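Below: coords-v6.cif (mmCIF, C-alpha atoms)
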```cif
data_data
#
loop_
_atom_site.label_atom_id
_atom_site.label_comp_id
_atom_site.auth_asym_id
_atom_site.auth_seq_id
_atom_site.Cartn_x
_atom_site.Cartn_y
_atom_site.Cartn_z
CA LEU A 1 -12.87 70.49 -40.81
CA PHE A 2 -13.77 68.23 -37.87
CA ILE A 3 -14.08 71.21 -35.49
CA SER A 4 -16.22 72.98 -38.05
CA ALA A 5 -18.52 69.93 -38.33
CA ILE A 6 -18.89 69.65 -34.56
CA THR A 7 -19.62 73.37 -34.20
CA SER A 8 -22.27 73.12 -36.92
CA PHE A 9 -23.79 70.08 -35.24
CA LEU A 10 -24.02 71.84 -31.88
CA LEU A 11 -25.59 74.89 -33.48
CA VAL A 12 -28.19 72.74 -35.24
CA ALA A 13 -28.84 70.83 -32.00
CA LEU A 14 -29.52 74.07 -30.14
CA ILE A 15 -31.64 75.83 -32.78
CA THR A 16 -33.73 73.01 -34.27
CA PRO A 17 -35.94 72.42 -31.19
CA PHE A 18 -37.31 75.96 -31.61
CA PHE A 19 -38.51 75.13 -35.12
CA VAL A 20 -39.88 71.74 -34.12
CA LEU A 21 -41.84 73.26 -31.26
CA LYS A 22 -43.10 76.10 -33.48
CA TYR A 23 -44.29 73.55 -36.07
CA TYR A 24 -46.24 71.47 -33.54
CA LYS A 25 -47.67 74.50 -31.75
CA LYS A 26 -49.09 75.73 -35.09
CA LYS A 27 -50.75 72.36 -35.65
CA SER A 28 -52.30 72.19 -32.19
CA LEU A 29 -54.59 73.85 -29.69
CA GLN A 30 -54.20 74.10 -25.94
CA ILE A 31 -56.39 71.46 -24.33
CA SER A 32 -59.42 72.84 -22.55
CA ASN A 33 -60.75 69.54 -21.13
CA GLU A 34 -60.85 70.24 -17.38
CA LYS A 35 -60.51 66.57 -16.40
CA LEU A 36 -57.29 66.17 -18.39
CA LEU A 37 -55.94 69.56 -17.29
CA ASN A 38 -56.54 68.67 -13.63
CA LEU A 39 -54.84 65.31 -14.17
CA VAL A 40 -51.73 67.04 -15.51
CA LYS A 41 -51.83 69.69 -12.79
CA ASN A 42 -52.22 67.21 -9.92
CA TYR A 43 -49.54 64.81 -11.10
CA SER A 44 -47.14 67.64 -11.92
CA GLU A 45 -47.39 68.65 -8.27
CA ILE A 46 -46.90 65.05 -7.11
CA LEU A 47 -43.83 64.69 -9.35
CA ASN A 48 -42.56 68.11 -8.27
CA ILE A 49 -42.24 69.47 -11.81
CA LYS A 50 -43.49 72.67 -13.35
CA GLN A 51 -46.90 72.03 -14.90
CA PRO A 52 -46.44 71.51 -18.64
CA ARG A 53 -48.47 73.22 -21.29
CA PHE A 54 -50.89 70.68 -22.72
CA PHE A 55 -51.67 70.64 -26.44
CA LEU A 56 -54.07 68.74 -28.67
CA LEU A 57 -52.81 67.76 -32.12
CA ASP A 58 -55.39 67.68 -34.89
CA ASN A 59 -54.28 64.27 -36.09
CA ALA A 60 -56.20 60.99 -36.37
CA LYS A 61 -53.06 58.94 -35.70
CA PRO A 62 -52.64 58.13 -32.01
CA LYS A 63 -49.62 60.14 -30.85
CA ALA A 64 -48.22 61.41 -27.59
CA PHE A 65 -44.92 63.09 -26.89
CA SER A 66 -43.44 65.59 -24.52
CA PHE A 67 -41.09 68.51 -24.84
CA SER A 68 -38.81 69.95 -22.18
CA TYR A 69 -36.38 72.30 -23.83
CA LEU A 70 -37.36 75.89 -23.01
CA PHE A 71 -40.56 74.96 -21.25
CA ASN A 72 -42.48 71.77 -20.54
CA ALA A 73 -45.20 70.64 -22.94
CA ILE A 74 -47.20 67.52 -23.66
CA PHE A 75 -48.79 66.90 -27.04
CA ILE A 76 -51.51 64.30 -27.58
CA SER A 77 -53.51 63.69 -30.72
CA VAL A 78 -57.25 63.62 -31.23
CA GLY A 79 -56.76 60.06 -32.48
CA LEU A 80 -55.24 59.05 -29.15
CA ILE A 81 -58.14 60.52 -27.20
CA GLU A 82 -60.64 58.72 -29.43
CA LEU A 83 -58.80 55.39 -29.23
CA LEU A 84 -58.10 55.10 -25.50
CA THR A 85 -60.22 54.96 -22.38
CA TYR A 86 -59.65 57.62 -19.73
CA LYS A 87 -57.48 55.31 -17.60
CA GLU A 88 -55.37 54.33 -20.61
CA LEU A 89 -54.99 57.98 -21.57
CA LYS A 90 -54.00 58.71 -17.97
CA ALA A 91 -51.26 56.05 -18.20
CA VAL A 92 -49.90 57.68 -21.38
CA ILE A 93 -49.98 61.15 -19.82
CA LEU A 94 -48.21 59.86 -16.70
CA HIS A 95 -45.59 58.28 -18.97
CA GLU A 96 -45.05 61.66 -20.68
CA LEU A 97 -44.89 63.49 -17.35
CA SER A 98 -42.17 61.06 -16.31
CA HIS A 99 -40.21 61.95 -19.45
CA ILE A 100 -40.46 65.62 -18.50
CA LYS A 101 -39.25 64.85 -14.98
CA GLN A 102 -36.29 62.92 -16.45
CA ARG A 103 -35.71 65.62 -19.10
CA SER A 104 -35.63 62.79 -21.66
CA PRO A 105 -37.36 64.70 -24.51
CA LEU A 106 -34.15 66.70 -24.84
CA LEU A 107 -32.17 63.45 -24.79
CA LYS A 108 -34.41 61.96 -27.51
CA PHE A 109 -33.98 65.00 -29.69
CA SER A 110 -30.23 65.09 -29.11
CA SER A 111 -30.06 61.43 -30.07
CA LEU A 112 -31.85 62.11 -33.34
CA VAL A 113 -29.51 64.99 -34.22
CA LEU A 114 -26.48 62.95 -33.13
CA LYS A 115 -27.41 60.13 -35.53
CA LEU A 116 -27.02 62.62 -38.37
CA SER A 117 -23.75 64.05 -37.09
CA PRO A 118 -20.09 63.14 -37.59
CA LEU A 119 -20.18 61.73 -34.05
CA ALA A 120 -22.79 59.07 -34.86
CA GLY A 121 -20.30 56.23 -34.46
CA PHE A 122 -19.49 57.28 -30.90
CA SER A 123 -23.04 57.36 -29.56
CA SER A 124 -24.44 55.03 -26.90
CA LEU A 125 -27.68 56.98 -26.50
CA THR A 126 -29.95 54.14 -27.71
CA LYS A 127 -29.39 52.20 -24.51
CA GLU A 128 -29.97 55.31 -22.43
CA LEU A 129 -33.18 56.11 -24.36
CA ASN A 130 -34.49 52.60 -23.69
CA GLN A 131 -33.75 53.09 -19.99
CA HIS A 132 -35.72 56.36 -20.02
CA GLU A 133 -38.67 54.58 -21.68
CA ASP A 134 -38.55 51.83 -19.04
CA GLU A 135 -38.38 54.39 -16.24
CA ALA A 136 -41.33 56.33 -17.68
CA ASP A 137 -43.34 53.10 -17.88
CA LYS A 138 -42.44 52.18 -14.30
CA LEU A 139 -43.49 55.56 -12.96
CA ALA A 140 -46.84 55.44 -14.79
CA ILE A 141 -47.44 51.92 -13.46
CA ASN A 142 -46.49 52.91 -9.90
CA LEU A 143 -48.73 55.97 -9.93
CA GLN A 144 -51.69 53.98 -11.26
CA GLY A 145 -50.96 50.94 -9.11
CA THR A 146 -51.24 48.58 -12.09
CA ASN A 147 -49.67 47.93 -15.47
CA ARG A 148 -53.06 47.06 -16.97
CA TYR A 149 -53.84 50.44 -18.51
CA LEU A 150 -50.39 51.19 -19.90
CA LEU A 151 -50.16 47.74 -21.51
CA SER A 152 -53.68 48.08 -22.90
CA ALA A 153 -52.89 51.53 -24.34
CA LYS A 154 -49.70 50.27 -25.98
CA LYS A 155 -51.54 47.31 -27.47
CA LYS A 156 -54.32 49.49 -28.90
CA ILE A 157 -51.80 51.91 -30.41
CA ARG A 158 -49.74 49.07 -31.94
CA ASN A 159 -52.89 47.49 -33.41
CA TYR A 160 -54.04 50.82 -34.84
CA LEU A 161 -50.67 51.48 -36.46
CA LYS A 162 -50.63 47.99 -38.04
CA GLU A 163 -53.90 48.67 -39.87
#
```

Have the structure of the file written as structure tokens, please.
Amino acid sequence: LFISAITSFLLVALITPFFVLKYYKKKSLQISNEKLLNLVKNYSEILNIKQPRFFLLDNAKPKAFSFSYLFNAIFISVGLIELLTYKELKAVILHELSHIKQRSPLLKFSSLVLKLSPLAGFSSLTKELNQHEDEADKLAINLQGTNRYLLSAKKKIRNYLKE
């Protein structure tokens, strides 16, 4: 029974990202803003990662996340673009590029699936996820030369979500 549960968990962990990606791709468009595309292209080269696909979510809620399972992708919402200044948006995009470099989107997804699995009691992924978030913040700050824009973006997003 235990082996069966673990096999099922692994199968779900491998297949589910395809459906998640398909869902978000249906709800989004590839970004055509040249300034943002060039930002992603230039920093992908600096970070020595394959340039991710860049999608715009039709959602008023400020959101940003990355995906690095079969290919690299960054998703940002219309609400995020409307809420943040260019430099704040740049900080968020740099943060997401760092996640792609670290391959942490896969870790985040695995953590979510693991919480629902029979192995939930054995997981120490929360600490590792926090470390990935800290590393992504540090890289964004280093590339911008200041923490001002990342902190400002986080504050604006928190305030929006409280409303």

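Picture a line from atom CA of A:Leu29 to atom CA of A:Glu133; it runs 26.2 Å.
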
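Proximity to A:Thr146 was assessed for A:Lys61, A:Arg53, A:Lys27, A:Lys87 counting all atoms listed in the file; the smallest distance is recorded for A:Lys87.
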
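Between atom CA of A:Ile49 and atom CA of A:Leu84 there is a distance of 25.4 Å.
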
Starting from the PyMOL selection byres ((chain A and resi 149) around 12), expand the selection into actual residues of this file and give them as a PyMOL selection string. chain A and resi 84-95+137+140-148+150-156

For A:Leu57, which of A:Ser98, A:Asn33, A:Ser77, A:Asn130 is the closest residue, counting only C-alpha atoms? A:Ser77

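Straight-line separation from atom CA of A:Phe54 to atom CA of A:Ile81: 13.3 Å.
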
Neighbouring residues of A:Phe65 were defined as those with any atom within 8 Å, considering all atoms listed in the file; residues of the same chain fewer than 4 positions away were excluded. Please report them as a VMD selection string. chain A and resid 74 to 76 96

Neighbouring residues of A:Leu37 were defined as those with any atom within 12 Å, considering all atoms listed in the file; residues of the same chain fewer than 2 positions away were excluded. Please report them as a ChimeraX atom specification. /A:30-35,39-44,51-56,74,90,93

Once the PyMOL selection byres ((chain A and resi 68) around 6) has been applied to the shown file, what residues remain in the selection, as a compact mmCIF listing (two decimals) with C-alpha atoms, in the coordinates of the input?
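Now in result.txt:
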```txt
# COMPACT_ATOMS: atom_id res chain seq x y z
CA PHE A 67 -41.09 68.51 -24.84
CA TYR A 69 -36.38 72.30 -23.83
CA PHE A 71 -40.56 74.96 -21.25
CA ASN A 72 -42.48 71.77 -20.54
CA ILE A 100 -40.46 65.62 -18.50
CA PRO A 105 -37.36 64.70 -24.51
```
